[in-house]
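**Student:** This is the structure, below, for whatever I ask next.
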Amino acid sequence: MKNVIQDKQATISILKALMTDIKNGILCTSTGKNDFPNVQTVHTKEMDRNGNLFFIFSSEIRPYQNLQTNEEIRLIYTIPHKSEFLLVTGTAETSNNISSIEKYWSVYNAKDFAKGKRDPTIRVLKIAVEYSKVFKSASTGMVDYLKLLGRIIANTHE
């Protein structure tokens, strides 16, 4: 497995190229450095011109609670048609601003929020990208692929 570290600008370039093919990722948060992360699937709503990523999620999930004490995140995307993962590291901030919720709301979100756009638990998550690593699996086998994903989530990939 060969790991390639990308700085912020290279990460933004990679993400811009991939955003047409990938939207779903795995958000990893924790309360501290030694905590095993909580994971949540997320659907990318937008990447702005500065490379910030935006999502809608609930204030009732564990990752939101973690972000109240630790704004550091890891976001994992699979790279289509390759046995690779893109691990994005950054900082997060959340908002319940109505105009932002309106901007990023879609039918996709309706299943998660019983009260629709006015649900008081809706939050917009903004991730400021810092850097990334591309993890390339030595094999295309599913077991090796899942082992690599597990190591990335557990932060034992070094």
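Residues in the structure tokens are named by chain (A, B, ... in the order shown) and by number from 1 within that chain; ligands are numbered from 1 in the order shown.
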DSSP on the backbone: what in segment 36-101 of chain A comes out strand (DSSP E or B), as number ranges by chain?
**Tutor:** A: 38-43, 46-47, 53-58, 72-79, 84-95
**Student:** Pull the closest atom pair for each residue of segment 47-106 of chain A that gets at most 8 Å from segment 121-124 of chain A, along with the distance in Å to one decimal, counting only C-alpha atoms, ordering rows by chain and then ascending residue number, as JSON lines.
**Tutor:**
```
{"residue": "A:Phe54", "atom": "CA", "partner": "A:Val124", "partner_atom": "CA", "distance": 6.8}
{"residue": "A:Phe55", "atom": "CA", "partner": "A:Val124", "partner_atom": "CA", "distance": 5.7}
{"residue": "A:Ile56", "atom": "CA", "partner": "A:Val124", "partner_atom": "CA", "distance": 4.7}
{"residue": "A:Phe57", "atom": "CA", "partner": "A:Arg123", "partner_atom": "CA", "distance": 5.4}
{"residue": "A:Ser58", "atom": "CA", "partner": "A:Ile122", "partner_atom": "CA", "distance": 4.9}
{"residue": "A:Ser59", "atom": "CA", "partner": "A:Thr121", "partner_atom": "CA", "distance": 5.0}
{"residue": "A:Glu60", "atom": "CA", "partner": "A:Thr121", "partner_atom": "CA", "distance": 6.6}
{"residue": "A:Thr94", "atom": "CA", "partner": "A:Val124", "partner_atom": "CA", "distance": 5.6}
{"residue": "A:Ser95", "atom": "CA", "partner": "A:Val124", "partner_atom": "CA", "distance": 5.2}
{"residue": "A:Asn96", "atom": "CA", "partner": "A:Arg123", "partner_atom": "CA", "distance": 4.8}
{"residue": "A:Asn97", "atom": "CA", "partner": "A:Val124", "partner_atom": "CA", "distance": 7.7}
{"residue": "A:Ser100", "atom": "CA", "partner": "A:Val124", "partner_atom": "CA", "distance": 6.9}
{"residue": "A:Ile101", "atom": "CA", "partner": "A:Val124", "partner_atom": "CA", "distance": 6.4}
{"residue": "A:Tyr104", "atom": "CA", "partner": "A:Val124", "partner_atom": "CA", "distance": 7.9}
```
**Student:** Contacts of segment 8-19 of chain A at 6 Å or less, counting only C-alpha atoms, minus same-chain residues fewer than 3 places along, as a list in words?
**Tutor:** Ile22, Gly51, Glu130, Tyr131 and Ser132 of chain A
**Student:** Emit the selected residues as a compact mmCIF listing (two decimals), in the first residue's frame, including all heavy atoms.
**Tutor:**
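Once written, selection_28.txt looks like this:
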```
# COMPACT_ATOMS: atom_id res chain seq x y z
N ILE A 22 -18.33 11.43 -6.90
CA ILE A 22 -18.57 10.98 -5.52
C ILE A 22 -19.32 12.05 -4.76
O ILE A 22 -19.07 13.25 -4.93
CB ILE A 22 -17.27 10.63 -4.78
CG1 ILE A 22 -16.32 11.83 -4.71
CG2 ILE A 22 -16.60 9.43 -5.37
CD1 ILE A 22 -15.11 11.61 -3.83
N GLY A 51 -12.73 25.57 -1.27
CA GLY A 51 -12.48 24.17 -0.93
C GLY A 51 -13.20 23.69 0.30
O GLY A 51 -12.98 22.57 0.76
N GLU A 130 -7.87 20.74 5.34
CA GLU A 130 -6.48 21.06 5.69
C GLU A 130 -5.49 20.28 4.82
O GLU A 130 -4.59 20.85 4.25
CB GLU A 130 -6.24 20.79 7.17
CG GLU A 130 -7.02 21.75 8.05
CD GLU A 130 -6.90 21.45 9.52
OE1 GLU A 130 -6.16 20.52 9.90
OE2 GLU A 130 -7.58 22.12 10.30
N TYR A 131 -5.66 18.97 4.76
CA TYR A 131 -4.80 18.14 3.91
C TYR A 131 -5.49 16.81 3.70
O TYR A 131 -6.54 16.53 4.27
CB TYR A 131 -3.39 17.96 4.51
CG TYR A 131 -3.36 17.17 5.79
CD1 TYR A 131 -3.16 15.79 5.76
CD2 TYR A 131 -3.50 17.79 7.02
CE1 TYR A 131 -3.13 15.06 6.95
CE2 TYR A 131 -3.46 17.07 8.20
CZ TYR A 131 -3.28 15.71 8.15
OH TYR A 131 -3.24 14.98 9.30
N SER A 132 -4.87 15.97 2.88
CA SER A 132 -5.45 14.64 2.64
C SER A 132 -4.35 13.63 2.39
O SER A 132 -3.19 13.98 2.17
CB SER A 132 -6.39 14.68 1.44
OG SER A 132 -5.66 14.88 0.24
```
**Student:** Quick one: DSSP helix (DSSP H, G or I) residues in segment 2-77 of chain A, as number ranges by chain?
**Tutor:** A: 8-18, 62-67
**Student:** Go ahead and write the residues just picked, N, CA and C atoms, as a compact mmCIF listing (two decimals), in the first residue's frame.
**Tutor:**
```txt
# COMPACT_ATOMS: atom_id res chain seq x y z
N LYS A 8 -3.15 21.26 1.25
CA LYS A 8 -4.50 21.80 1.10
C LYS A 8 -4.87 22.06 -0.36
N GLN A 9 -4.00 22.73 -1.10
CA GLN A 9 -4.33 23.06 -2.50
C GLN A 9 -4.46 21.80 -3.36
N ALA A 10 -3.58 20.83 -3.15
CA ALA A 10 -3.68 19.58 -3.92
C ALA A 10 -4.96 18.83 -3.54
N THR A 11 -5.32 18.85 -2.26
CA THR A 11 -6.55 18.20 -1.81
C THR A 11 -7.76 18.84 -2.47
N ILE A 12 -7.80 20.16 -2.50
CA ILE A 12 -8.92 20.86 -3.13
C ILE A 12 -9.00 20.50 -4.61
N SER A 13 -7.88 20.44 -5.29
CA SER A 13 -7.87 20.06 -6.71
C SER A 13 -8.41 18.65 -6.92
N ILE A 14 -7.98 17.71 -6.06
CA ILE A 14 -8.45 16.33 -6.16
C ILE A 14 -9.96 16.28 -5.92
N LEU A 15 -10.42 16.96 -4.86
CA LEU A 15 -11.85 16.95 -4.54
C LEU A 15 -12.69 17.56 -5.65
N LYS A 16 -12.23 18.66 -6.24
CA LYS A 16 -12.98 19.29 -7.34
C LYS A 16 -13.13 18.31 -8.50
N ALA A 17 -12.09 17.57 -8.79
CA ALA A 17 -12.15 16.59 -9.88
C ALA A 17 -13.08 15.43 -9.55
N LEU A 18 -13.13 15.05 -8.28
CA LEU A 18 -13.93 13.89 -7.88
C LEU A 18 -15.39 14.21 -7.57
N ARG A 62 -24.20 11.34 17.44
CA ARG A 62 -22.95 11.40 18.22
C ARG A 62 -21.87 12.28 17.57
N PRO A 63 -21.66 12.21 16.25
CA PRO A 63 -20.64 13.08 15.66
C PRO A 63 -20.89 14.58 15.93
N TYR A 64 -22.16 15.02 15.93
CA TYR A 64 -22.46 16.41 16.25
C TYR A 64 -22.02 16.71 17.69
N GLN A 65 -22.35 15.81 18.60
CA GLN A 65 -21.97 16.01 20.00
C GLN A 65 -20.45 16.06 20.15
N ASN A 66 -19.74 15.21 19.42
CA ASN A 66 -18.28 15.24 19.45
C ASN A 66 -17.72 16.58 18.99
N LEU A 67 -18.35 17.15 17.96
CA LEU A 67 -17.86 18.42 17.41
C LEU A 67 -18.00 19.59 18.38
```
**Student:** Please report the interatomic distance between atom CA of Ile26 of chain A and atom CA of Ile73 of chain A in Å with one decimal.
**Tutor:**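 Between atom CA of Ile26 of chain A and atom CA of Ile73 of chain A the gap is 10.4 Å.
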**Student:** Tell me which protein, DNA and RNA residues are within 9 Å of Lys23 of chain A, counting only C-alpha atoms, leaving out same-chain ones fewer than 2 positions away, and put them as a list in words.
**Tutor:**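 After dropping sequence-adjacent residues, the list is Leu18, Met19, Thr20, Asp21, Gly25, Val42, His43, Thr44, Lys45 and Tyr77 of chain A.
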**Student:** Once you have the residues from the selection above, write them out as a PDB file, in the first residue's frame, restricted to N, CA and C atoms.
**Tutor:**
```pdb
ATOM      1  N   LEU A  18     -13.133  15.054  -8.279  1.00  0.00           N
ATOM      2  CA  LEU A  18     -13.931  13.894  -7.877  1.00  0.00           C
ATOM      3  C   LEU A  18     -15.393  14.206  -7.571  1.00  0.00           C
ATOM      4  N   MET A  19     -15.733  15.453  -7.296  1.00  0.00           N
ATOM      5  CA  MET A  19     -17.077  15.781  -6.821  1.00  0.00           C
ATOM      6  C   MET A  19     -18.186  15.424  -7.808  1.00  0.00           C
ATOM      7  N   THR A  20     -17.877  15.302  -9.072  1.00  0.00           N
ATOM      8  CA  THR A  20     -18.929  14.882 -10.008  1.00  0.00           C
ATOM      9  C   THR A  20     -19.204  13.385  -9.894  1.00  0.00           C
ATOM     10  N   ASP A  21     -18.226  12.623  -9.418  1.00  0.00           N
ATOM     11  CA  ASP A  21     -18.373  11.168  -9.315  1.00  0.00           C
ATOM     12  C   ASP A  21     -18.713  10.677  -7.913  1.00  0.00           C
ATOM     13  N   GLY A  25     -19.675  10.128   1.712  1.00  0.00           N
ATOM     14  CA  GLY A  25     -18.431   9.865   2.409  1.00  0.00           C
ATOM     15  C   GLY A  25     -18.716   9.374   3.815  1.00  0.00           C
ATOM     16  N   VAL A  42     -22.251  10.669   5.247  1.00  0.00           N
ATOM     17  CA  VAL A  42     -22.705  12.024   4.910  1.00  0.00           C
ATOM     18  C   VAL A  42     -22.780  12.158   3.396  1.00  0.00           C
ATOM     19  N   HIS A  43     -23.625  13.070   2.963  1.00  0.00           N
ATOM     20  CA  HIS A  43     -23.810  13.343   1.542  1.00  0.00           C
ATOM     21  C   HIS A  43     -23.333  14.769   1.279  1.00  0.00           C
ATOM     22  N   THR A  44     -22.307  14.910   0.463  1.00  0.00           N
ATOM     23  CA  THR A  44     -21.727  16.219   0.179  1.00  0.00           C
ATOM     24  C   THR A  44     -22.718  17.058  -0.614  1.00  0.00           C
ATOM     25  N   LYS A  45     -23.015  18.232  -0.106  1.00  0.00           N
ATOM     26  CA  LYS A  45     -23.942  19.143  -0.773  1.00  0.00           C
ATOM     27  C   LYS A  45     -23.224  20.073  -1.734  1.00  0.00           C
ATOM     28  N   TYR A  77     -13.554   9.319   1.483  1.00  0.00           N
ATOM     29  CA  TYR A  77     -14.250   9.055   0.224  1.00  0.00           C
ATOM     30  C   TYR A  77     -13.575   7.884  -0.465  1.00  0.00           C
TER      31      TYR A  77
END
```
**Student:** To one decimal place, how far is atom CA of Met47 of chain A from atom CA of Leu125 of chain A in Å?
**Tutor:**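 Here the two named atoms are 11.8 Å from each other.
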**Student:** When you count only C-alpha atoms, which of these residues is closest to Lys136 of chain A: A:Ala92, A:Leu87, A:Leu27, A:Ala114?
**Tutor:**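 Selected residue with least distance to Lys136 of chain A: A:Leu87.
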**Student:** Give me the residues within 12 Å of Val107 of chain A as a list in words, counting only C-alpha atoms and dropping any in the same chain fewer than 6 places off.
**Tutor:** Ile56, Phe113, Gly116 and Lys117 of chain A
**Student:** Those same residues, written as a PDB file, in the first residue's frame with all heavy atoms?
**Tutor:**
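Done, and the output landed in part29.pdb:
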```pdb
ATOM      1  N   ILE A  56     -25.610  18.428   5.300  1.00  0.00           N
ATOM      2  CA  ILE A  56     -26.697  18.583   6.266  1.00  0.00           C
ATOM      3  C   ILE A  56     -26.672  17.341   7.140  1.00  0.00           C
ATOM      4  O   ILE A  56     -26.541  16.227   6.643  1.00  0.00           O
ATOM      5  CB  ILE A  56     -28.066  18.734   5.572  1.00  0.00           C
ATOM      6  CG1 ILE A  56     -28.185  20.154   5.015  1.00  0.00           C
ATOM      7  CG2 ILE A  56     -29.205  18.431   6.530  1.00  0.00           C
ATOM      8  CD1 ILE A  56     -29.526  20.494   4.432  1.00  0.00           C
ATOM      9  N   PHE A 113     -35.412  13.808   8.581  1.00  0.00           N
ATOM     10  CA  PHE A 113     -35.974  14.876   9.397  1.00  0.00           C
ATOM     11  C   PHE A 113     -37.494  14.891   9.247  1.00  0.00           C
ATOM     12  O   PHE A 113     -38.027  15.378   8.249  1.00  0.00           O
ATOM     13  CB  PHE A 113     -35.373  16.227   8.998  1.00  0.00           C
ATOM     14  CG  PHE A 113     -33.888  16.278   9.191  1.00  0.00           C
ATOM     15  CD1 PHE A 113     -33.031  16.065   8.119  1.00  0.00           C
ATOM     16  CD2 PHE A 113     -33.345  16.505  10.441  1.00  0.00           C
ATOM     17  CE1 PHE A 113     -31.653  16.092   8.294  1.00  0.00           C
ATOM     18  CE2 PHE A 113     -31.969  16.541  10.630  1.00  0.00           C
ATOM     19  CZ  PHE A 113     -31.118  16.327   9.557  1.00  0.00           C
ATOM     20  N   GLY A 116     -39.313  18.070   8.281  1.00  0.00           N
ATOM     21  CA  GLY A 116     -38.869  18.751   7.066  1.00  0.00           C
ATOM     22  C   GLY A 116     -37.831  19.813   7.343  1.00  0.00           C
ATOM     23  O   GLY A 116     -37.081  19.747   8.317  1.00  0.00           O
ATOM     24  N   LYS A 117     -37.799  20.827   6.485  1.00  0.00           N
ATOM     25  CA  LYS A 117     -36.793  21.886   6.569  1.00  0.00           C
ATOM     26  C   LYS A 117     -36.824  22.656   7.882  1.00  0.00           C
ATOM     27  O   LYS A 117     -35.854  23.301   8.246  1.00  0.00           O
ATOM     28  CB  LYS A 117     -36.997  22.900   5.440  1.00  0.00           C
ATOM     29  CG  LYS A 117     -36.682  22.404   4.081  1.00  0.00           C
ATOM     30  CD  LYS A 117     -36.922  23.528   3.091  1.00  0.00           C
ATOM     31  CE  LYS A 117     -37.073  22.987   1.702  1.00  0.00           C
ATOM     32  NZ  LYS A 117     -37.329  24.048   0.735  1.00  0.00           N
TER      33      LYS A 117
END
```
**Student:** Hey, which of A:Lys115, A:Gly32, A:Ser99, A:Asn24 ends up closest to Glu46 of chain A? Count only C-alpha atoms.
**Tutor:** A:Asn24
**Student:** Quick one, how far is atom CA of Phe36 of chain A from atom CA of Arg74 of chain A?
**Tutor:** 12.2 Å
**Student:** Under the rule that only C-alpha atoms are counted, which of A:Glu72, A:Asp112, A:Asp7, A:Glu84 is the nearest residue to Ala128 of chain A?
**Tutor:**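 Nearest to Ala128 of chain A: A:Glu72.
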